[in-house]
Structures are given as C-alpha cells and as structure tokens.
file work31.pdb (PDB, C-alpha atoms)
ATOM      1  CA  MET B  93     150.791  37.572  97.973
ATOM      2  CA  THR B  94     150.495  41.242  98.827
ATOM      3  CA  PRO B  95     147.749  43.376  97.253
ATOM      4  CA  ILE B  96     150.206  45.036  94.860
ATOM      5  CA  GLU B  97     151.502  41.610  93.785
ATOM      6  CA  ILE B  98     147.930  40.482  93.113
ATOM      7  CA  ALA B  99     147.294  43.703  91.173
ATOM      8  CA  LEU B 100     150.474  43.115  89.136
ATOM      9  CA  ALA B 101     149.292  39.577  88.330
ATOM     10  CA  GLU B 102     145.922  40.979  87.221
ATOM     11  CA  ALA B 103     147.728  43.554  85.068
ATOM     12  CA  ALA B 104     149.878  40.859  83.454
ATOM     13  CA  ALA B 105     146.762  38.776  82.737
ATOM     14  CA  ALA B 106     145.091  41.831  81.199
ATOM     15  CA  ALA B 107     148.120  42.366  78.940
ATOM     16  CA  ALA B 108     147.965  38.722  77.845
ATOM     17  CA  ARG B 109     144.345  39.356  76.789
ATOM     18  CA  GLY B 110     145.394  42.432  74.793
ATOM     19  CA  GLU B 111     144.122  44.906  77.389
ATOM     20  CA  VAL B 112     146.164  47.806  78.761
ATOM     21  CA  PRO B 113     147.945  46.164  81.711
ATOM     22  CA  VAL B 114     146.323  47.661  84.770
ATOM     23  CA  GLY B 115     145.258  45.575  87.743
ATOM     24  CA  ALA B 116     143.336  46.474  90.881
ATOM     25  CA  VAL B 117     142.534  44.860  94.223
ATOM     26  CA  VAL B 118     140.143  45.855  97.003
ATOM     27  CA  THR B 119     140.965  44.655 100.509
ATOM     28  CA  ASP B 120     139.055  45.109 103.733
ATOM     29  CA  ALA B 121     140.448  46.506 106.994
ATOM     30  CA  ALA B 122     141.851  43.080 107.902
ATOM     31  CA  GLY B 123     143.639  42.799 104.543
ATOM     32  CA  THR B 124     141.260  40.196 103.122
ATOM     33  CA  VAL B 125     140.900  40.422  99.362
ATOM     34  CA  LEU B 126     137.299  41.307  98.524
ATOM     35  CA  ALA B 127     137.754  41.679  94.769
ATOM     36  CA  GLN B 128     140.402  41.871  92.093
ATOM     37  CA  ALA B 129     140.289  42.724  88.407
ATOM     38  CA  GLY B 130     142.276  43.686  85.372
ATOM     39  CA  ASN B 131     141.219  46.035  82.601
ATOM     40  CA  GLU B 132     138.422  44.673  80.384
ATOM     41  CA  VAL B 133     137.790  47.686  78.153
ATOM     42  CA  GLU B 134     138.332  45.790  74.882
ATOM     43  CA  ALA B 135     136.610  42.567  75.948
ATOM     44  CA  ARG B 136     133.496  44.351  77.172
ATOM     45  CA  ARG B 137     133.645  47.079  74.519
ATOM     46  CA  ASP B 138     133.157  49.455  77.425
ATOM     47  CA  PRO B 139     135.499  52.405  78.035
ATOM     48  CA  THR B 140     134.506  52.410  81.721
ATOM     49  CA  ALA B 141     135.637  48.811  82.297
ATOM     50  CA  HIS B 142     138.840  49.907  84.023
ATOM     51  CA  ALA B 143     140.321  47.537  86.594
ATOM     52  CA  GLU B 144     139.503  49.911  89.454
ATOM     53  CA  ILE B 145     135.827  50.252  88.513
ATOM     54  CA  LEU B 146     135.420  46.488  88.105
ATOM     55  CA  ALA B 147     137.124  45.711  91.427
ATOM     56  CA  LEU B 148     135.203  48.407  93.325
ATOM     57  CA  ARG B 149     131.870  47.206  91.935
ATOM     58  CA  ALA B 150     132.653  43.570  92.763
ATOM     59  CA  ALA B 151     133.747  44.445  96.311
ATOM     60  CA  ALA B 152     130.587  46.491  96.900
ATOM     61  CA  ALA B 153     128.442  43.644  95.564
ATOM     62  CA  ARG B 154     130.238  41.175  97.823
ATOM     63  CA  LEU B 155     129.642  43.376 100.867
ATOM     64  CA  GLY B 156     126.119  44.295  99.801
ATOM     65  CA  SER B 157     126.820  47.997 100.168
ATOM     66  CA  PRO B 158     127.440  50.967  97.871
ATOM     67  CA  ARG B 159     130.200  52.159 100.210
ATOM     68  CA  LEU B 160     133.531  50.583 101.098
ATOM     69  CA  PRO B 161     134.614  52.345 104.312
ATOM     70  CA  GLY B 162     137.728  50.833 105.828
ATOM     71  CA  CYS B 163     138.728  49.311 102.487
ATOM     72  CA  THR B 164     141.868  49.865 100.450
ATOM     73  CA  LEU B 165     141.987  50.074  96.669
ATOM     74  CA  THR B 166     145.375  49.009  95.336
ATOM     75  CA  VAL B 167     146.082  49.581  91.641
ATOM     76  CA  THR B 168     149.149  49.324  89.429
ATOM     77  CA  LEU B 169     148.701  52.740  87.798
ATOM     78  CA  GLU B 170     147.669  56.125  89.155
ATOM     79  CA  PRO B 171     143.898  56.183  88.619
ATOM     80  CA  CYS B 172     142.436  58.303  85.867
ATOM     81  CA  PRO B 173     139.945  61.024  86.864
ATOM     82  CA  MET B 174     136.985  58.639  86.404
ATOM     83  CA  CYS B 175     138.500  55.993  88.669
ATOM     84  CA  ALA B 176     139.685  58.516  91.249
ATOM     85  CA  GLN B 177     136.155  59.908  91.453
ATOM     86  CA  ALA B 178     134.781  56.374  91.777
ATOM     87  CA  ALA B 179     137.165  55.697  94.687
ATOM     88  CA  SER B 180     135.781  58.825  96.329
ATOM     89  CA  PHE B 181     132.158  57.813  95.680
ATOM     90  CA  PHE B 182     132.805  54.326  97.076
ATOM     91  CA  ARG B 183     134.347  56.027 100.135
ATOM     92  CA  VAL B 184     137.477  53.868 100.216
ATOM     93  CA  LYS B 185     139.707  54.591 103.170
ATOM     94  CA  ARG B 186     142.959  54.312 101.259
ATOM     95  CA  LEU B 187     144.191  54.347  97.674
ATOM     96  CA  VAL B 188     147.541  52.722  96.941
ATOM     97  CA  PHE B 189     148.997  52.851  93.448
ATOM     98  CA  GLY B 190     152.183  51.860  91.670
ATOM     99  CA  ALA B 191     153.215  53.835  88.606
ATOM    100  CA  TYR B 192     152.492  57.541  88.282
ATOM    101  CA  ASP B 193     150.610  58.666  85.173
ATOM    102  CA  PRO B 194     151.585  62.236  84.208
ATOM    103  CA  LYS B 195     149.477  62.051  81.034
ATOM    104  CA  GLY B 196     146.236  60.445  82.211
ATOM    105  CA  GLY B 197     146.337  60.378  85.994
ATOM    106  CA  GLY B 198     143.689  62.051  88.072
ATOM    107  CA  VAL B 199     145.218  61.925  91.552
ATOM    108  CA  GLU B 200     148.729  63.419  91.521
ATOM    109  CA  HIS B 201     148.425  64.692  87.939
ATOM    110  CA  GLY B 202     145.795  66.156  85.642
ATOM    111  CA  ALA B 203     142.435  66.794  87.278
ATOM    112  CA  ARG B 204     143.690  66.042  90.822
ATOM    113  CA  ILE B 205     140.209  64.884  91.796
ATOM    114  CA  PHE B 206     140.871  64.725  95.539
ATOM    115  CA  ALA B 207     142.015  68.366  95.605
ATOM    116  CA  ALA B 208     138.809  69.623  93.980
ATOM    117  CA  PRO B 209     136.375  71.457  96.273
ATOM    118  CA  SER B 210     133.574  69.294  94.856
ATOM    119  CA  CYS B 211     135.224  66.106  96.161
ATOM    120  CA  HIS B 212     133.248  64.953  99.190
ATOM    121  CA  HIS B 213     135.526  62.119 100.344
ATOM    122  CA  VAL B 214     139.314  62.093 100.139
ATOM    123  CA  PRO B 215     141.054  58.787 100.832
ATOM    124  CA  GLU B 216     144.571  58.475 102.147
ATOM    125  CA  VAL B 217     146.820  58.220  99.068
ATOM    126  CA  ILE B 218     150.063  56.267  98.825
ATOM    127  CA  GLY B 219     151.729  56.414  95.412
ATOM    128  CA  GLY B 220     154.821  54.812  93.950
ATOM    129  CA  VAL B 221     154.458  51.323  95.466
ATOM    130  CA  ARG B 222     156.494  48.935  93.285
ATOM    131  CA  GLU B 223     156.541  51.819  90.829
ATOM    132  CA  SER B 224     159.272  50.450  88.552
ATOM    133  CA  ASP B 225     157.616  47.013  88.246
ATOM    134  CA  CYS B 226     154.247  48.564  87.442
ATOM    135  CA  ALA B 227     155.743  51.016  84.945
ATOM    136  CA  GLU B 228     157.818  48.323  83.239
ATOM    137  CA  LEU B 229     154.730  46.226  82.546
ATOM    138  CA  LEU B 230     153.151  49.208  80.796
ATOM    139  CA  ARG B 231     156.356  50.055  78.880
ATOM    140  CA  GLN B 232     156.665  46.489  77.573
ATOM    141  CA  PHE B 233     153.006  46.381  76.554
ATOM    142  CA  PHE B 234     153.137  49.601  74.554
ATOM    143  CA  ALA B 235     156.596  48.902  73.085
ATOM    144  CA  ALA B 236     155.258  45.656  71.605
ATOM    145  CA  ARG B 237     152.492  47.609  69.856
ATOM    146  CA  ARG B 238     154.669  50.285  68.271
TER
END
call {"tool": "encode", "arguments": {"input": "work31.pdb", "output": "structure tokens"}}
result
Amino acid sequence: MTPIEIALAEAAAAAARGEVPVGAVVTDAAGTVLAQAGNEVEARRDPTAHAEILALRAAAARLGSPRLPGCTLTVTLEPCPMCAQAASFFRVKRLVFGAYDPKGGGVEHGARIFAAPSCHHVPEVIGGVRESDCAELLRQFFAARR
C-alpha cells in the first residue's frame, strides 16, 4: 500500500471510532513506514490528538530523535495550523496531503504557516493527492451526523 492508501485506511478506522476521519503516515527517505495514526481527539479527550501529531510523535520516538529530516508526512486532509507548525518543528522534508481545507487548513489556506516569516523550516508541499477520495470520506462522515 502507498502512504496515502495507509492514511486513508487510518482515516476510515478513525471514522468507525467516531473520530473525524483524518489519517496520517510518516515514512523515511526509503519509503519505510515509521508511524501511522488516525485522529484520537475524542478517545483521548485531547484536542491536540490529531493524526499528524500522533504520527509525528511516534516516528520521532521510533527514531529516538526530535527531528525527522528526510521524512515525509502524508495526511488525508490539509493540516491545520497546529499540525503544519508541528511538521515544521519536526523538520519533515516533505508534506503530502489529500483534501484541501479552506475552512481550517493552515498550509494553503488560513494561517499559511509555511509562508510566515517566523517559520524556520519549510517542507516541500504536495497537495491534492487522492483529493476526491479523501474529501469523500469527510463528506460521508459529516453527512451522517447532520
């Protein structure tokens, strides 16, 4: 499975648990999966338990380092400002995401964290990967709750 497929599976599992369906994967330079996670905000009762934060923390723990140079963070939804800043702090080489988030995104929308002069590390950004699949998962999740 590709990283985005793994992230989609994590997002689907999160939705099945009643979490907003976002999944994230961290891979190393060789493409080896270091960590993967889905949102756990409700389960942990922690608003910072986004998939990206959980996957980045697990990858750093696995490598025994607070930095992830050479790594790629792949996520199903454009990261929010908190998660975009975390990707910068972890010094990921690349950020790949699926669906764009005009309302809550922090990369291409909203705060545009990587464009801020205070941002010390800017990863390569690739957006729109499997965008329709990622967006559809979110649409279905929220439609079922309305």
call {"tool": "closest_atom_pairs", "arguments": {"input": "work31.pdb", "of": "segment 101-162 of chain B", "to": "segment 225-234 of chain B", "cutoff": "10 Å", "atoms": "all atoms listed in the file", "output": "tab-separated table"}}
result
residue	atom	partner	partner_atom	distance
B:Ala103	CA	B:Leu229	CA	7.9
B:Ala104	CA	B:Leu229	CA	7.3
B:Ala107	CA	B:Phe233	CA	6.8
B:Ala108	CA	B:Phe233	CA	9.3
B:Gly110	CA	B:Phe233	CA	8.8
B:Glu111	CA	B:Phe233	CA	9.0
B:Val112	CA	B:Phe233	CA	7.3
B:Pro113	CA	B:Leu230	CA	6.1
B:Val114	CA	B:Leu230	CA	8.1
B:Gly115	CA	B:Cys226	CA	9.5
call {"tool": "write_last_selection", "arguments": {"input": "work31.pdb", "atoms": "C-alpha atoms", "output": "short mmCIF file (atom, residue, chain, number, x, y, z; two decimals), in the coordinates of the input"}}
result
data_model
loop_
_atom_site.label_atom_id
_atom_site.label_comp_id
_atom_site.auth_asym_id
_atom_site.auth_seq_id
_atom_site.Cartn_x
_atom_site.Cartn_y
_atom_site.Cartn_z
CA ALA B 103 147.73 43.55 85.07
CA ALA B 104 149.88 40.86 83.45
CA ALA B 107 148.12 42.37 78.94
CA ALA B 108 147.96 38.72 77.84
CA GLY B 110 145.39 42.43 74.79
CA GLU B 111 144.12 44.91 77.39
CA VAL B 112 146.16 47.81 78.76
CA PRO B 113 147.94 46.16 81.71
CA VAL B 114 146.32 47.66 84.77
CA GLY B 115 145.26 45.58 87.74
#
call {"tool": "closest_residue", "arguments": {"input": "work31.pdb", "among": "B:Ala150, B:Ala179, B:Leu169, B:Ala207", "to": "Gly220 of chain B", "atoms": "all atoms listed in the file"}}
result
B:Leu169
call {"tool": "atom_distance", "arguments": {"input": "work31.pdb", "atom1": "atom CA of Pro171 of chain B", "atom2": "atom CA of Pro158 of chain B"}}
result
19.6 Å
call {"tool": "atom_distance", "arguments": {"input": "work31.pdb", "atom1": "atom CA of Val214 of chain B", "atom2": "atom CA of Val199 of chain B"}}
result
10.4 Å
call {"tool": "closest_residue", "arguments": {"input": "work31.pdb", "among": "B:Ala236, B:Ala208, B:Met174, B:Val221", "to": "Thr94 of chain B", "atoms": "all atoms listed in the file"}}
result
B:Val221
call {"tool": "residues_around", "arguments": {"input": "work31.pdb", "residues": "Leu160 of chain B", "least_positions_apart": "5", "cutoff": "7 Å", "atoms": "only C-alpha atoms", "output": "MDAnalysis selection string"}}
result
chainID B and resid 152 182:184
call {"tool": "residues_near_point", "arguments": {"input": "work31.pdb", "point": "(137.9, 38.9, 101.4)", "cutoff": "12 Å", "atoms": "only C-alpha atoms", "output": "list in words"}}
result
Pro95, Val117, Val118, Thr119, Asp120, Ala121, Ala122, Gly123, Thr124, Val125, Leu126, Ala127, Gln128, Ala150, Ala151, Ala152, Arg154, Leu155, Cys163 and Thr164 of chain B
call {"tool": "atom_distance", "arguments": {"input": "work31.pdb", "atom1": "atom CA of Ala105 of chain B", "atom2": "atom CA of Glu134 of chain B"}}
result
13.5 Å
call {"tool": "residues_around", "arguments": {"input": "work31.pdb", "residues": "Leu187 of chain B", "least_positions_apart": "6", "cutoff": "7 Å", "atoms": "all atoms listed in the file", "output": "PyMOL selection string"}}
result
chain B and resi 164-166+215-218
call {"tool": "closest_residue", "arguments": {"input": "work31.pdb", "among": "B:Val188, B:Ser180, B:Ala99, B:Glu170", "to": "His201 of chain B", "atoms": "only C-alpha atoms"}}
result
B:Glu170
call {"tool": "decode", "arguments": {"input": "work31.pdb", "residues": "segment 116-127 of chain B", "atoms": "all heavy atoms", "output": "mmCIF file, in the first residue's frame"}}
result
data_model
loop_
_atom_site.group_PDB
_atom_site.id
_atom_site.type_symbol
_atom_site.label_atom_id
_atom_site.label_comp_id
_atom_site.auth_asym_id
_atom_site.auth_seq_id
_atom_site.Cartn_x
_atom_site.Cartn_y
_atom_site.Cartn_z
ATOM 1 N N ALA B 116 -2.833 9.824 9.055
ATOM 2 C CA ALA B 116 -1.502 10.321 8.738
ATOM 3 C C ALA B 116 -0.482 9.197 8.796
ATOM 4 O O ALA B 116 -0.640 8.244 9.566
ATOM 5 C CB ALA B 116 -1.105 11.426 9.706
ATOM 6 N N VAL B 117 0.559 9.338 7.988
ATOM 7 C CA VAL B 117 1.647 8.362 7.920
ATOM 8 C C VAL B 117 2.960 9.125 7.822
ATOM 9 O O VAL B 117 3.046 10.118 7.095
ATOM 10 C CB VAL B 117 1.493 7.454 6.678
ATOM 11 C CG1 VAL B 117 2.642 6.469 6.569
ATOM 12 C CG2 VAL B 117 0.173 6.722 6.693
ATOM 13 N N VAL B 118 3.982 8.639 8.522
ATOM 14 C CA VAL B 118 5.327 9.183 8.378
ATOM 15 C C VAL B 118 6.195 8.080 7.782
ATOM 16 O O VAL B 118 6.232 6.960 8.302
ATOM 17 C CB VAL B 118 5.918 9.656 9.724
ATOM 18 C CG1 VAL B 118 7.350 10.156 9.532
ATOM 19 C CG2 VAL B 118 5.048 10.756 10.334
ATOM 20 N N THR B 119 6.871 8.416 6.690
ATOM 21 C CA THR B 119 7.788 7.480 6.044
ATOM 22 C C THR B 119 9.189 8.079 6.033
ATOM 23 O O THR B 119 9.353 9.299 5.999
ATOM 24 C CB THR B 119 7.352 7.167 4.598
ATOM 25 O OG1 THR B 119 7.140 8.396 3.893
ATOM 26 C CG2 THR B 119 6.073 6.349 4.570
ATOM 27 N N ASP B 120 10.183 7.194 6.019
ATOM 28 C CA ASP B 120 11.557 7.671 5.942
ATOM 29 C C ASP B 120 11.960 7.862 4.480
ATOM 30 O O ASP B 120 11.138 7.668 3.574
ATOM 31 C CB ASP B 120 12.520 6.744 6.697
ATOM 32 C CG ASP B 120 12.655 5.358 6.081
ATOM 33 O OD1 ASP B 120 12.225 5.124 4.919
ATOM 34 O OD2 ASP B 120 13.217 4.484 6.773
ATOM 35 N N ALA B 121 13.210 8.221 4.253
ATOM 36 C CA ALA B 121 13.683 8.518 2.895
ATOM 37 C C ALA B 121 13.565 7.321 1.959
ATOM 38 O O ALA B 121 13.406 7.483 0.747
ATOM 39 C CB ALA B 121 15.124 9.010 2.945
ATOM 40 N N ALA B 122 13.607 6.107 2.522
ATOM 41 C CA ALA B 122 13.488 4.900 1.710
ATOM 42 C C ALA B 122 12.028 4.496 1.477
ATOM 43 O O ALA B 122 11.754 3.530 0.772
ATOM 44 C CB ALA B 122 14.241 3.755 2.384
ATOM 45 N N GLY B 123 11.099 5.224 2.102
ATOM 46 C CA GLY B 123 9.680 4.907 1.961
ATOM 47 C C GLY B 123 9.152 3.943 3.001
ATOM 48 O O GLY B 123 8.004 3.523 2.940
ATOM 49 N N THR B 124 9.976 3.605 3.980
ATOM 50 C CA THR B 124 9.552 2.713 5.062
ATOM 51 C C THR B 124 8.624 3.458 6.010
ATOM 52 O O THR B 124 8.914 4.588 6.414
ATOM 53 C CB THR B 124 10.786 2.212 5.852
ATOM 54 O OG1 THR B 124 11.661 1.548 4.943
ATOM 55 C CG2 THR B 124 10.384 1.264 6.970
ATOM 56 N N VAL B 125 7.513 2.832 6.343
ATOM 57 C CA VAL B 125 6.568 3.449 7.270
ATOM 58 C C VAL B 125 7.158 3.418 8.682
ATOM 59 O O VAL B 125 7.470 2.350 9.208
ATOM 60 C CB VAL B 125 5.203 2.728 7.238
ATOM 61 C CG1 VAL B 125 4.268 3.276 8.317
ATOM 62 C CG2 VAL B 125 4.557 2.853 5.863
ATOM 63 N N LEU B 126 7.305 4.598 9.258
ATOM 64 C CA LEU B 126 7.809 4.727 10.628
ATOM 65 C C LEU B 126 6.666 4.780 11.627
ATOM 66 O O LEU B 126 6.801 4.306 12.756
ATOM 67 C CB LEU B 126 8.668 5.986 10.764
ATOM 68 C CG LEU B 126 9.921 6.049 9.902
ATOM 69 C CD1 LEU B 126 10.595 7.408 10.049
ATOM 70 C CD2 LEU B 126 10.880 4.924 10.271
ATOM 71 N N ALA B 127 5.563 5.400 11.228
ATOM 72 C CA ALA B 127 4.410 5.540 12.122
ATOM 73 C C ALA B 127 3.173 5.872 11.312
ATOM 74 O O ALA B 127 3.270 6.452 10.226
ATOM 75 C CB ALA B 127 4.672 6.636 13.152
#
